[in-house]
$ cat upload-v4.txt   # compact mmCIF, C-alpha atoms and all ligand atoms
# COMPACT_ATOMS: atom_id res chain seq x y z
CA MET A 386 11.83 20.28 31.86
CA SER A 387 11.34 18.04 28.88
CA ALA A 388 13.70 17.75 25.94
CA HIS A 389 13.34 19.99 22.91
CA ILE A 390 11.41 18.33 20.11
CA ARG A 391 10.85 19.86 16.62
CA PRO A 392 7.68 21.90 17.13
CA ASP A 393 6.41 21.20 13.58
CA LEU A 394 5.85 17.58 14.61
CA ASP A 395 2.88 18.76 16.71
CA ALA A 396 0.97 18.89 13.44
CA ILE A 397 1.45 15.13 12.87
CA PRO A 398 -1.03 12.98 14.76
CA ALA A 399 0.66 10.48 17.07
CA TYR A 400 0.52 7.01 15.54
CA VAL A 401 -2.65 5.16 16.43
CA ALA A 402 -2.55 1.50 15.44
CA GLY A 403 -5.55 -0.22 13.87
CA ARG A 404 -7.58 -1.39 16.84
CA SER A 405 -7.87 -5.05 17.67
CA GLN A 406 -9.78 -6.69 20.47
CA PRO A 407 -10.05 -10.34 21.41
CA GLY A 408 -13.24 -11.87 20.05
CA VAL A 409 -13.80 -9.03 17.62
CA VAL A 410 -13.40 -9.44 13.86
CA LYS A 411 -10.74 -7.10 12.44
CA LEU A 412 -11.32 -5.96 8.88
CA ALA A 413 -9.32 -2.77 9.36
CA SER A 414 -5.73 -3.34 8.18
CA ASN A 415 -5.88 -5.08 4.78
CA GLU A 416 -4.11 -8.10 6.19
CA THR A 417 -4.23 -11.61 4.77
CA THR A 418 -6.13 -13.96 7.07
CA PHE A 419 -4.17 -17.04 5.94
CA PRO A 420 -1.24 -18.10 8.14
CA PRO A 421 2.21 -18.52 6.53
CA LEU A 422 2.64 -21.56 4.27
CA PRO A 423 4.57 -24.45 5.89
CA SER A 424 7.59 -23.74 3.64
CA VAL A 425 7.64 -20.11 4.75
CA ALA A 426 7.15 -20.98 8.43
CA LYS A 427 10.12 -23.36 8.10
CA ALA A 428 12.33 -20.64 6.60
CA ILE A 429 11.31 -18.33 9.45
CA ALA A 430 12.14 -20.95 12.09
CA GLU A 431 15.51 -21.68 10.51
CA ALA A 432 16.43 -18.01 10.24
CA ALA A 433 15.40 -17.47 13.86
CA GLU A 434 18.21 -19.80 14.92
CA THR A 435 20.85 -17.44 13.51
CA VAL A 436 19.65 -14.10 14.81
CA ASN A 437 22.75 -13.67 16.96
CA ARG A 438 24.33 -12.54 13.65
CA TYR A 439 23.46 -9.31 11.81
CA PRO A 440 21.42 -9.60 8.64
CA ASP A 441 22.96 -8.91 5.23
CA ASN A 442 22.60 -5.13 5.06
CA ALA A 443 22.52 -5.25 1.25
CA ALA A 444 19.88 -8.07 1.31
CA LEU A 445 21.68 -9.45 -1.71
CA GLU A 446 20.08 -12.89 -1.84
CA LEU A 447 16.59 -11.41 -1.52
CA ARG A 448 17.26 -8.65 -4.05
CA THR A 449 18.68 -11.24 -6.46
CA ALA A 450 15.51 -13.34 -6.12
CA ILE A 451 13.31 -10.27 -6.70
CA ALA A 452 15.42 -9.23 -9.70
CA GLU A 453 15.06 -12.69 -11.25
CA PHE A 454 11.31 -12.65 -10.62
CA HIS A 455 10.93 -9.34 -12.48
CA GLY A 456 13.60 -9.85 -15.12
CA VAL A 457 15.66 -6.87 -13.98
CA ALA A 458 19.20 -6.51 -12.59
CA VAL A 459 19.94 -6.64 -8.89
CA GLU A 460 21.07 -2.98 -9.23
CA ASN A 461 17.43 -2.16 -10.01
CA VAL A 462 16.13 -3.48 -6.67
CA ALA A 463 16.15 -2.08 -3.13
CA ALA A 464 14.60 -3.74 -0.07
CA GLY A 465 13.00 -1.84 2.77
CA CYS A 466 11.53 -2.35 6.22
CA GLY A 467 8.10 -2.51 4.65
CA SER A 468 7.43 -0.41 1.57
CA VAL A 469 6.34 2.35 3.93
CA ALA A 470 10.01 2.76 4.94
CA LEU A 471 10.85 3.05 1.24
CA CYS A 472 8.22 5.83 0.91
CA GLN A 473 10.04 7.74 3.62
CA GLU A 474 13.43 7.06 2.04
CA LEU A 475 12.15 8.20 -1.37
CA VAL A 476 11.22 11.58 0.04
CA GLN A 477 14.58 11.75 1.82
CA ILE A 478 16.49 11.20 -1.44
CA THR A 479 14.50 13.74 -3.43
CA CYS A 480 13.67 16.58 -1.02
CA LEU A 481 15.89 18.86 1.01
CA ALA A 482 14.48 22.40 0.88
CA PRO A 483 11.15 23.27 2.54
CA THR A 484 9.93 24.40 -0.89
CA ASP A 485 10.50 20.94 -2.42
CA GLU A 486 7.11 19.46 -3.27
CA VAL A 487 5.77 15.95 -2.82
CA LEU A 488 2.68 15.49 -4.97
CA PHE A 489 -0.04 12.91 -4.43
CA ALA A 490 -3.76 12.36 -4.80
CA TRP A 491 -6.01 12.66 -1.79
CA ARG A 492 -7.50 10.66 -0.26
CA SER A 493 -4.74 8.10 -0.62
CA PHE A 494 -2.26 6.21 1.56
CA GLU A 495 -2.00 7.96 4.93
CA ALA A 496 1.79 7.55 5.05
CA TYR A 497 2.39 10.02 2.18
CA PRO A 498 1.59 13.24 4.10
CA ILE A 499 3.43 11.96 7.17
CA VAL A 500 6.68 11.04 5.44
CA THR A 501 6.53 14.36 3.57
CA GLN A 502 6.28 16.36 6.76
CA VAL A 503 8.91 14.31 8.56
CA ALA A 504 11.30 15.18 5.73
CA GLY A 505 10.41 18.87 6.04
CA ALA A 506 9.07 19.00 2.48
CA LYS A 507 5.80 20.46 1.19
CA ALA A 508 2.82 18.19 0.51
CA VAL A 509 0.67 19.04 -2.51
CA GLN A 510 -2.59 17.12 -2.66
CA VAL A 511 -4.86 16.73 -5.69
CA PRO A 512 -8.44 15.59 -4.99
CA LEU A 513 -9.63 12.25 -6.35
CA ASP A 514 -12.16 12.41 -9.20
CA GLY A 515 -15.91 11.79 -8.87
CA GLU A 516 -15.37 8.03 -8.99
CA PHE A 517 -12.81 8.21 -6.13
CA ALA A 518 -9.98 7.45 -8.58
CA HIS A 519 -6.76 9.39 -9.22
CA ASP A 520 -7.44 12.40 -11.43
CA LEU A 521 -4.31 11.81 -13.48
CA ASP A 522 -4.73 14.90 -15.68
CA ALA A 523 -5.07 17.14 -12.63
CA LEU A 524 -2.11 15.39 -11.00
CA ALA A 525 0.08 15.99 -14.08
CA ALA A 526 -1.11 19.60 -14.23
CA ALA A 527 -0.11 20.10 -10.59
CA VAL A 528 3.57 19.40 -11.32
CA THR A 529 5.64 22.57 -10.82
CA PRO A 530 9.37 23.32 -11.09
CA ASN A 531 9.49 22.49 -7.35
CA THR A 532 7.94 19.02 -7.67
CA ARG A 533 10.45 16.39 -6.66
CA VAL A 534 8.37 13.24 -6.35
CA VAL A 535 4.83 12.11 -7.22
CA PHE A 536 3.20 9.15 -5.46
CA VAL A 537 0.60 7.30 -7.51
CA CYS A 538 -1.12 4.60 -5.49
CA ASN A 539 -2.49 2.09 -8.00
CA PRO A 540 -4.80 0.45 -6.88
CA ASN A 541 -5.50 3.29 -4.48
CA ASN A 542 -5.64 2.73 -0.74
CA PRO A 543 -8.26 3.33 0.69
CA THR A 544 -10.68 3.71 -2.26
CA GLY A 545 -9.65 0.59 -4.23
CA THR A 546 -9.81 2.32 -7.62
CA ALA A 547 -7.16 1.61 -10.25
CA HIS A 548 -6.07 2.93 -13.63
CA GLY A 549 -5.02 0.69 -16.49
CA ALA A 550 -1.70 0.67 -18.33
CA ALA A 551 -2.83 3.09 -21.06
CA ALA A 552 -3.90 5.77 -18.56
CA ILE A 553 -0.74 5.38 -16.48
CA THR A 554 1.40 5.58 -19.62
CA ARG A 555 -0.32 8.82 -20.67
CA PHE A 556 0.37 10.20 -17.21
CA LEU A 557 4.05 9.19 -17.33
CA ASP A 558 4.34 10.86 -20.73
CA ALA A 559 2.96 14.10 -19.23
CA VAL A 560 5.38 14.28 -16.29
CA PRO A 561 8.84 15.82 -16.83
CA ALA A 562 11.64 13.25 -16.84
CA ASN A 563 13.38 14.93 -13.88
CA VAL A 564 10.46 14.27 -11.53
CA LEU A 565 10.49 10.91 -9.77
CA VAL A 566 7.17 9.07 -10.19
CA VAL A 567 6.55 6.39 -7.57
CA LEU A 568 3.98 3.78 -8.57
CA ASP A 569 2.90 2.28 -5.25
CA GLU A 570 1.57 -1.16 -6.18
CA ALA A 571 0.97 -2.63 -2.70
CA TYR A 572 -2.23 -4.28 -3.99
CA PHE A 573 -0.95 -5.31 -7.44
CA GLU A 574 -1.75 -8.99 -6.85
CA TYR A 575 -5.48 -8.28 -6.46
CA LEU A 576 -5.85 -6.55 -9.82
CA ARG A 577 -7.98 -8.49 -12.29
CA MET A 578 -7.87 -6.23 -15.34
CA PRO A 579 -7.77 -7.56 -18.91
CA ALA A 580 -4.16 -8.49 -19.70
CA ASP A 581 -3.83 -5.88 -22.47
CA ASP A 582 -4.45 -3.02 -20.02
CA ALA A 583 -3.13 -4.52 -16.76
CA PRO A 584 -0.97 -1.83 -15.11
CA ASN A 585 2.36 -3.41 -14.20
CA GLY A 586 4.67 -0.61 -13.08
CA VAL A 587 7.78 -2.71 -13.57
CA GLU A 588 6.95 -3.05 -17.27
CA LEU A 589 5.78 0.56 -17.64
CA GLY A 590 8.98 1.80 -15.98
CA ARG A 591 11.46 -0.34 -17.89
CA ASN A 592 12.69 2.47 -20.15
CA ARG A 593 11.86 5.37 -17.85
CA PRO A 594 14.58 6.08 -15.28
CA ASN A 595 12.27 8.48 -13.39
CA VAL A 596 9.77 5.72 -12.58
CA LEU A 597 10.08 3.68 -9.42
CA VAL A 598 7.73 0.87 -8.41
CA LEU A 599 6.94 -0.19 -4.85
CA ARG A 600 5.73 -3.66 -3.98
CA THR A 601 5.32 -5.30 -0.59
CA PHE A 602 5.30 -8.72 1.04
CA SER A 603 2.75 -7.44 3.58
CA LYS A 604 -0.47 -7.93 1.65
CA ALA A 605 -0.91 -10.80 -0.83
CA TYR A 606 2.27 -12.51 0.40
CA GLY A 607 0.99 -12.44 3.98
CA LEU A 608 4.11 -11.19 5.79
CA ALA A 609 2.74 -7.95 7.31
CA GLY A 610 4.25 -8.81 10.70
CA LEU A 611 7.78 -9.23 9.34
CA ARG A 612 8.12 -5.87 7.52
CA VAL A 613 9.59 -6.25 4.09
CA GLY A 614 8.88 -4.42 0.86
CA TYR A 615 10.90 -3.48 -2.20
CA ALA A 616 11.49 -0.92 -4.90
CA VAL A 617 12.28 -1.52 -8.57
CA GLY A 618 13.81 1.42 -10.39
CA ALA A 619 16.84 2.95 -12.06
CA PRO A 620 20.24 2.11 -10.51
CA GLU A 621 20.89 5.80 -9.60
CA VAL A 622 17.67 5.92 -7.59
CA ILE A 623 18.33 2.55 -5.96
CA THR A 624 21.87 3.61 -4.99
CA ALA A 625 20.52 6.77 -3.36
CA LEU A 626 17.90 4.73 -1.49
CA MET A 627 20.60 2.49 -0.09
CA LYS A 628 22.50 5.56 1.17
CA VAL A 629 19.63 6.74 3.39
CA HIS A 630 18.53 3.24 4.40
CA ILE A 631 18.59 2.64 8.17
CA PRO A 632 21.32 -0.01 8.54
CA PHE A 633 20.09 -3.59 8.99
CA SER A 634 16.44 -2.51 9.10
CA VAL A 635 15.37 -5.41 6.87
CA ASN A 636 15.97 -8.16 9.38
CA LYS A 637 17.27 -11.65 8.82
CA VAL A 638 13.98 -13.46 9.45
CA ALA A 639 12.15 -11.10 7.09
CA GLN A 640 14.72 -11.66 4.33
CA ALA A 641 14.47 -15.44 4.66
CA ALA A 642 10.68 -15.38 4.73
CA ALA A 643 10.48 -13.12 1.69
CA ILE A 644 12.80 -15.42 -0.30
CA ALA A 645 10.71 -18.46 0.67
CA SER A 646 7.52 -16.57 -0.22
CA LEU A 647 8.79 -15.72 -3.68
CA GLU A 648 9.60 -19.40 -4.18
CA ALA A 649 6.06 -20.30 -3.07
CA ARG A 650 4.44 -17.47 -5.01
CA HIS A 651 2.18 -19.69 -7.10
CA GLU A 652 0.56 -21.05 -3.95
CA LEU A 653 0.35 -17.60 -2.33
CA LEU A 654 -1.05 -15.87 -5.38
CA GLU A 655 -3.67 -18.58 -5.77
CA ARG A 656 -4.99 -17.46 -2.40
CA THR A 657 -5.69 -14.02 -3.82
CA ASN A 658 -8.44 -15.54 -5.99
CA ALA A 659 -10.45 -16.35 -2.87
CA VAL A 660 -9.93 -12.84 -1.52
CA VAL A 661 -10.96 -11.26 -4.84
CA ALA A 662 -14.12 -13.42 -4.90
CA GLU A 663 -14.98 -12.29 -1.35
CA ARG A 664 -14.29 -8.64 -2.23
CA ASP A 665 -16.65 -8.84 -5.19
CA ARG A 666 -19.27 -10.69 -3.15
CA MET A 667 -19.13 -7.97 -0.47
CA ALA A 668 -19.38 -5.18 -3.03
CA ALA A 669 -22.38 -6.83 -4.71
CA ALA A 670 -24.22 -7.38 -1.42
CA LEU A 671 -23.58 -3.79 -0.32
CA ARG A 672 -24.74 -2.40 -3.65
CA ALA A 673 -27.86 -4.55 -3.49
CA ALA A 674 -28.59 -3.00 -0.09
CA GLY A 675 -28.36 0.47 -1.62
CA TYR A 676 -24.81 1.57 -0.74
CA ARG A 677 -22.58 3.36 -3.16
CA VAL A 678 -19.48 1.15 -3.49
CA THR A 679 -16.41 2.01 -5.56
CA ASP A 680 -14.99 -0.40 -8.12
CA SER A 681 -12.26 -2.02 -6.00
CA HIS A 682 -9.16 -3.67 -7.45
CA ALA A 683 -7.63 -4.41 -4.03
CA ASN A 684 -8.40 -6.62 -1.01
CA PHE A 685 -10.98 -4.25 0.48
CA VAL A 686 -14.12 -2.31 -0.36
CA TRP A 687 -14.73 1.41 0.08
CA LEU A 688 -17.96 3.04 1.13
CA PRO A 689 -17.91 6.81 0.49
CA LEU A 690 -20.13 7.65 3.46
CA GLY A 691 -18.95 11.25 3.95
CA GLU A 692 -20.01 12.78 7.25
CA GLN A 693 -21.50 9.45 8.32
CA SER A 694 -18.16 7.60 8.17
CA ALA A 695 -17.21 7.81 11.85
CA ALA A 696 -20.70 6.85 13.01
CA PHE A 697 -20.74 3.88 10.63
CA GLY A 698 -17.34 2.74 11.94
CA ALA A 699 -18.54 3.00 15.54
CA ALA A 700 -21.77 1.12 14.81
CA SER A 701 -19.83 -1.63 13.02
CA ALA A 702 -17.46 -1.97 15.99
CA GLU A 703 -20.46 -2.26 18.26
CA ALA A 704 -21.70 -5.09 16.04
CA GLY A 705 -18.32 -6.83 16.54
CA VAL A 706 -16.50 -5.86 13.34
CA LEU A 707 -13.65 -3.34 13.31
CA VAL A 708 -13.47 -1.42 10.03
CA ARG A 709 -11.47 1.71 9.15
CA PRO A 710 -13.27 5.06 8.88
CA TYR A 711 -11.32 7.91 7.22
CA GLY A 712 -12.40 11.32 8.48
CA THR A 713 -15.42 12.54 6.56
CA ASP A 714 -14.50 10.65 3.38
CA GLY A 715 -15.54 7.05 3.82
CA VAL A 716 -15.00 3.67 5.37
CA ARG A 717 -12.64 0.93 4.19
CA ILE A 718 -13.51 -2.69 4.91
CA THR A 719 -10.91 -5.42 4.30
CA ALA A 720 -12.09 -8.64 2.67
CA GLY A 721 -11.44 -11.24 5.36
CA ASP A 722 -12.57 -14.84 5.74
CA PRO A 723 -16.09 -15.57 4.46
CA HIS A 724 -17.54 -15.90 7.97
CA GLU A 725 -15.97 -12.58 8.99
CA ASN A 726 -17.33 -10.87 5.92
CA ASP A 727 -20.74 -12.40 6.60
CA LEU A 728 -20.71 -10.85 10.07
CA PHE A 729 -19.96 -7.46 8.55
CA LEU A 730 -22.59 -7.85 5.83
CA ALA A 731 -25.18 -8.88 8.41
CA PHE A 732 -24.52 -5.58 10.19
CA ALA A 733 -24.28 -3.41 7.09
CA THR A 734 -27.32 -4.79 5.29
CA ASP A 735 -29.50 -4.95 8.39
CA PRO A 736 -32.58 -2.81 7.66
CA ALA A 737 -31.86 -0.60 10.69
CA THR A 738 -28.29 0.07 9.47
CA VAL A 739 -29.46 0.70 5.93
CA ALA A 740 -32.16 3.10 7.18
CA ARG A 741 -29.51 5.01 9.09
CA PHE A 742 -26.67 5.14 6.58
CA VAL A 743 -28.13 4.81 3.08
CA GLY A 744 -29.88 7.99 2.16
C1 LIG A 801 -0.01 -1.55 3.01
C2 LIG A 801 0.54 -0.53 2.09
C3 LIG A 801 1.90 -0.38 1.88
C4 LIG A 801 2.93 -1.25 2.45
O1 LIG A 801 3.04 -1.47 3.67
P1 LIG A 801 4.32 -2.20 4.27
O2 LIG A 801 3.70 -3.14 5.21
O3 LIG A 801 5.09 -1.10 4.89
O4 LIG A 801 5.06 -2.85 3.15
C5 LIG A 801 2.37 0.54 0.97
N1 LIG A 801 1.52 1.30 0.30
C6 LIG A 801 0.21 1.19 0.45
C7 LIG A 801 -0.66 2.03 -0.35
C8 LIG A 801 -0.32 0.29 1.37
O5 LIG A 801 -1.64 0.22 1.53

$ encode --input "upload-v4.txt" --output "structure tokens"
Amino acid sequence: MSAHIRPDLDAIPAYVAGRSQPGVVKLASNETTFPPLPSVAKAIAEAAETVNRYPDNAALELRTAIAEFHGVAVENVAAGCGSVALCQELVQITCLAPTDEVLFAWRSFEAYPIVTQVAGAKAVQVPLDGEFAHDLDALAAAVTPNTRVVFVCNPNNPTGTAHGAAAITRFLDAVPANVLVVLDEAYFEYLRMPADDAPNGVELGRNRPNVLVLRTFSKAYGLAGLRVGYAVGAPEVITALMKVHIPFSVNKVAQAAAIASLEARHELLERTNAVVAERDRMAAALRAAGYRVTDSHANFVWLPLGEQSAAFGAASAEAGVLVRPYGTDGVRITAGDPHENDLFLAFATDPATVARFVG
């Protein structure tokens, strides 16, 4: 007889990792293709020599570096085992009753419905608008007395769309001050909006204690394999996050690598220019071939292929490029190295592919 497991978990699909196969190009996980900088690799190697000791559970040195970077106090910063762990912790600190609501747009980051269900809370999803962007008015209108937290993924994974500072500010003004608004900015470093409307959650949240910003070292900073992300928010929210935090889950090597990455940020962020150029090149080539392509502000492009999404993903894999299909919504393709993107474009813009998938 097997052990009793919560039956409601049957509704959550078992985790299936993004596929990878030797010799196949993987454009499915929004990773950076660049290896760690020498200074970061050195910090990793040095930290590895001390792993017989526990990490600093409060991650004080890392949080201090992040606080300095953003011009906030260390009390405004929490670190997490990837920002996905912080998503889970944010639901844990806001929701207890099964009637407590977690509100988010859909389609958006696939972790939101999972962490909501794991916490036993109620997910409320608001469809994206016709341009595959957050419908911020509908999202604000969906707030009820039971809403405890709203996730706003800006730029949105997997559609790449983003709202500027003015639109986000209007949204924040429309949400009651007792509802936590989480601005998930995992792709912040790939935004190239005019400075006067660039949405920087840390700035937008400075005088709003119900706003919390998530950033990660997994994407532009290239540390996906080490698992470290952070939250910037009001001290009360940060204190609560630290209460539910799994002890020592931000490991020593990750802390050291994140500190070294912040020090090397100018070099790392320069790399995002090449990724943004590739993203725009891919979008232009796909549009020229007849595809509908959303306006992406992240390190990937989105093809809203509807019912054809799974078939497109399978055909791309057969052509040697793994991409990420999402149900009957669309397919997300990460901007990789130019030669990898060329391989994908050769498949996608091949007349036979176009005949099959562009209607
Ligand atoms: C990748 C991603 C994250 C962060 O992932 P971690 O590796 O856990 O830091 C968070 N939110 C979104 C929307 C993402 O796409």

$ residues_around --input "upload-v4.txt" --residues "Cys480 in chain A" --least-positions-apart "4" --cutoff "9 Å" --atoms "only C-alpha atoms" --output "list in words"
Leu475, Val476, Thr484, Asp485, Glu486, Val487, Thr501, Ala504, Gly505, Ala506, Arg533 and Val534 of chain A

$ closest_atom_pairs --input "upload-v4.txt" --of "chain A" --to "ligand LIG 801 (chain A)" --cutoff "9 Å" --atoms "all atoms listed in the file" --output "Markdown table"
| residue | atom | partner | partner_atom | distance |
| --- | --- | --- | --- | --- |
| A:Ser414 | CA | A:LIG801 | C1 | 7.9 |
| A:Asn415 | CA | A:LIG801 | C1 | 7.1 |
| A:Glu416 | CA | A:LIG801 | C1 | 8.4 |
| A:Gly465 | CA | A:LIG801 | O4 | 8.0 |
| A:Cys466 | CA | A:LIG801 | O3 | 6.7 |
| A:Gly467 | CA | A:LIG801 | O3 | 3.3 |
| A:Ser468 | CA | A:LIG801 | O4 | 3.8 |
| A:Val469 | CA | A:LIG801 | O3 | 3.8 |
| A:Ala470 | CA | A:LIG801 | O3 | 6.3 |
| A:Leu471 | CA | A:LIG801 | O3 | 8.0 |
| A:Cys472 | CA | A:LIG801 | C5 | 7.9 |
| A:Ser493 | CA | A:LIG801 | C7 | 7.3 |
| A:Phe494 | CA | A:LIG801 | C7 | 4.9 |
| A:Glu495 | CA | A:LIG801 | C7 | 8.1 |
| A:Ala496 | CA | A:LIG801 | N1 | 7.9 |
| A:Tyr497 | CA | A:LIG801 | C7 | 8.9 |
| A:Val537 | CA | A:LIG801 | C7 | 9.0 |
| A:Cys538 | CA | A:LIG801 | C7 | 5.8 |
| A:Asn539 | CA | A:LIG801 | C7 | 7.9 |
| A:Pro540 | CA | A:LIG801 | C7 | 7.9 |
| A:Asn541 | CA | A:LIG801 | C7 | 6.5 |
| A:Asn542 | CA | A:LIG801 | C7 | 5.0 |
| A:Pro543 | CA | A:LIG801 | O5 | 7.4 |
| A:Asp569 | CA | A:LIG801 | N1 | 5.8 |
| A:Glu570 | CA | A:LIG801 | N1 | 6.9 |
| A:Ala571 | CA | A:LIG801 | N1 | 5.0 |
| A:Tyr572 | CA | A:LIG801 | O5 | 7.1 |
| A:Leu599 | CA | A:LIG801 | C5 | 7.4 |
| A:Arg600 | CA | A:LIG801 | O4 | 7.2 |
| A:Thr601 | CA | A:LIG801 | O4 | 4.5 |
| A:Phe602 | CA | A:LIG801 | O4 | 6.2 |
| A:Ser603 | CA | A:LIG801 | O2 | 4.7 |
| A:Lys604 | CA | A:LIG801 | C1 | 6.5 |
| A:Leu608 | CA | A:LIG801 | O2 | 8.1 |
| A:Ala609 | CA | A:LIG801 | O2 | 5.3 |
| A:Gly610 | CA | A:LIG801 | O2 | 7.9 |
| A:Leu611 | CA | A:LIG801 | O2 | 8.4 |
| A:Arg612 | CA | A:LIG801 | O2 | 5.7 |
| A:Val613 | CA | A:LIG801 | O4 | 5.7 |
| A:Gly614 | CA | A:LIG801 | O4 | 4.7 |
| A:Tyr615 | CA | A:LIG801 | O4 | 7.9 |

$ closest_residue --input "upload-v4.txt" --among "A:Ala700, A:Ile499, A:Thr738, A:Ala662" --to "Pro723 in chain A" --atoms "all atoms listed in the file"
A:Ala662

$ residues_around --input "upload-v4.txt" --residues "Ala580 in chain A" --least-positions-apart "4" --cutoff "10 Å" --atoms "only C-alpha atoms" --output "ChimeraX atom specification"
/A:549-550,584-585

$ residues_around --input "upload-v4.txt" --residues "range 432-439 of chain A" --least-positions-apart "2" --cutoff "9 Å" --atoms "all atoms listed in the file" --output "list in words"
Lys427, Ala428, Ile429, Ala430, Asp441, Asn442, Phe633, Asn636, Lys637, Val638, Ala639, Gln640, Ala641 and Ala642 of chain A

$ atom_distance --input "upload-v4.txt" --atom1 "CA of Gly545 in chain A" --atom2 "CA of Val511 in chain A"
16.9 Å

$ residues_around --input "upload-v4.txt" --residues "range 703-716 of chain A" --least-positions-apart "6" --cutoff "7 Å" --atoms "all atoms listed in the file" --output "list in words"
Val409, Val410, Lys411, Leu412, Ala413, Trp687, Leu688, Pro689, Leu690, Gly691, Glu692, Ser694, Ala695, Phe729 and Phe732 of chain A

$ closest_residue --input "upload-v4.txt" --among "A:Pro440, A:Gly618, A:Val686, A:Leu394" --to "Val500 in chain A" --atoms "only C-alpha atoms"
A:Leu394

$ closest_residue --input "upload-v4.txt" --among "A:Ala526, A:Ala643, A:Ala508, A:Leu589" --to "Val560 in chain A" --atoms "only C-alpha atoms"
A:Ala526

$ atom_distance --input "upload-v4.txt" --atom1 "CA of Ser405 in chain A" --atom2 "CA of Ala720 in chain A"
16.0 Å

$ closest_residue --input "upload-v4.txt" --among "A:Ala683, A:Ala731, A:Ala616, A:Ala605" --to "Val587 in chain A" --atoms "all atoms listed in the file"
A:Ala616

$ atom_distance --input "upload-v4.txt" --atom1 "CA of Leu730 in chain A" --atom2 "CA of Ala670 in chain A"
7.4 Å

$ residues_around --input "upload-v4.txt" --residues "Tyr676 in chain A" --least-positions-apart "4" --cutoff "8 Å" --atoms "only C-alpha atoms" --output "JSON, numbers by chain"
{"A": [671, 672, 688, 743]}

$ closest_residue --input "upload-v4.txt" --among "A:Phe697, A:Phe536, A:Phe742, A:Tyr575" --to "Ala674 in chain A" --atoms "all atoms listed in the file"
A:Phe742

$ closest_residue --input "upload-v4.txt" --among "A:Pro561, A:Gly590, A:Pro530, A:Gly744" --to "Gly675 in chain A" --atoms "all atoms listed in the file"
A:Gly744
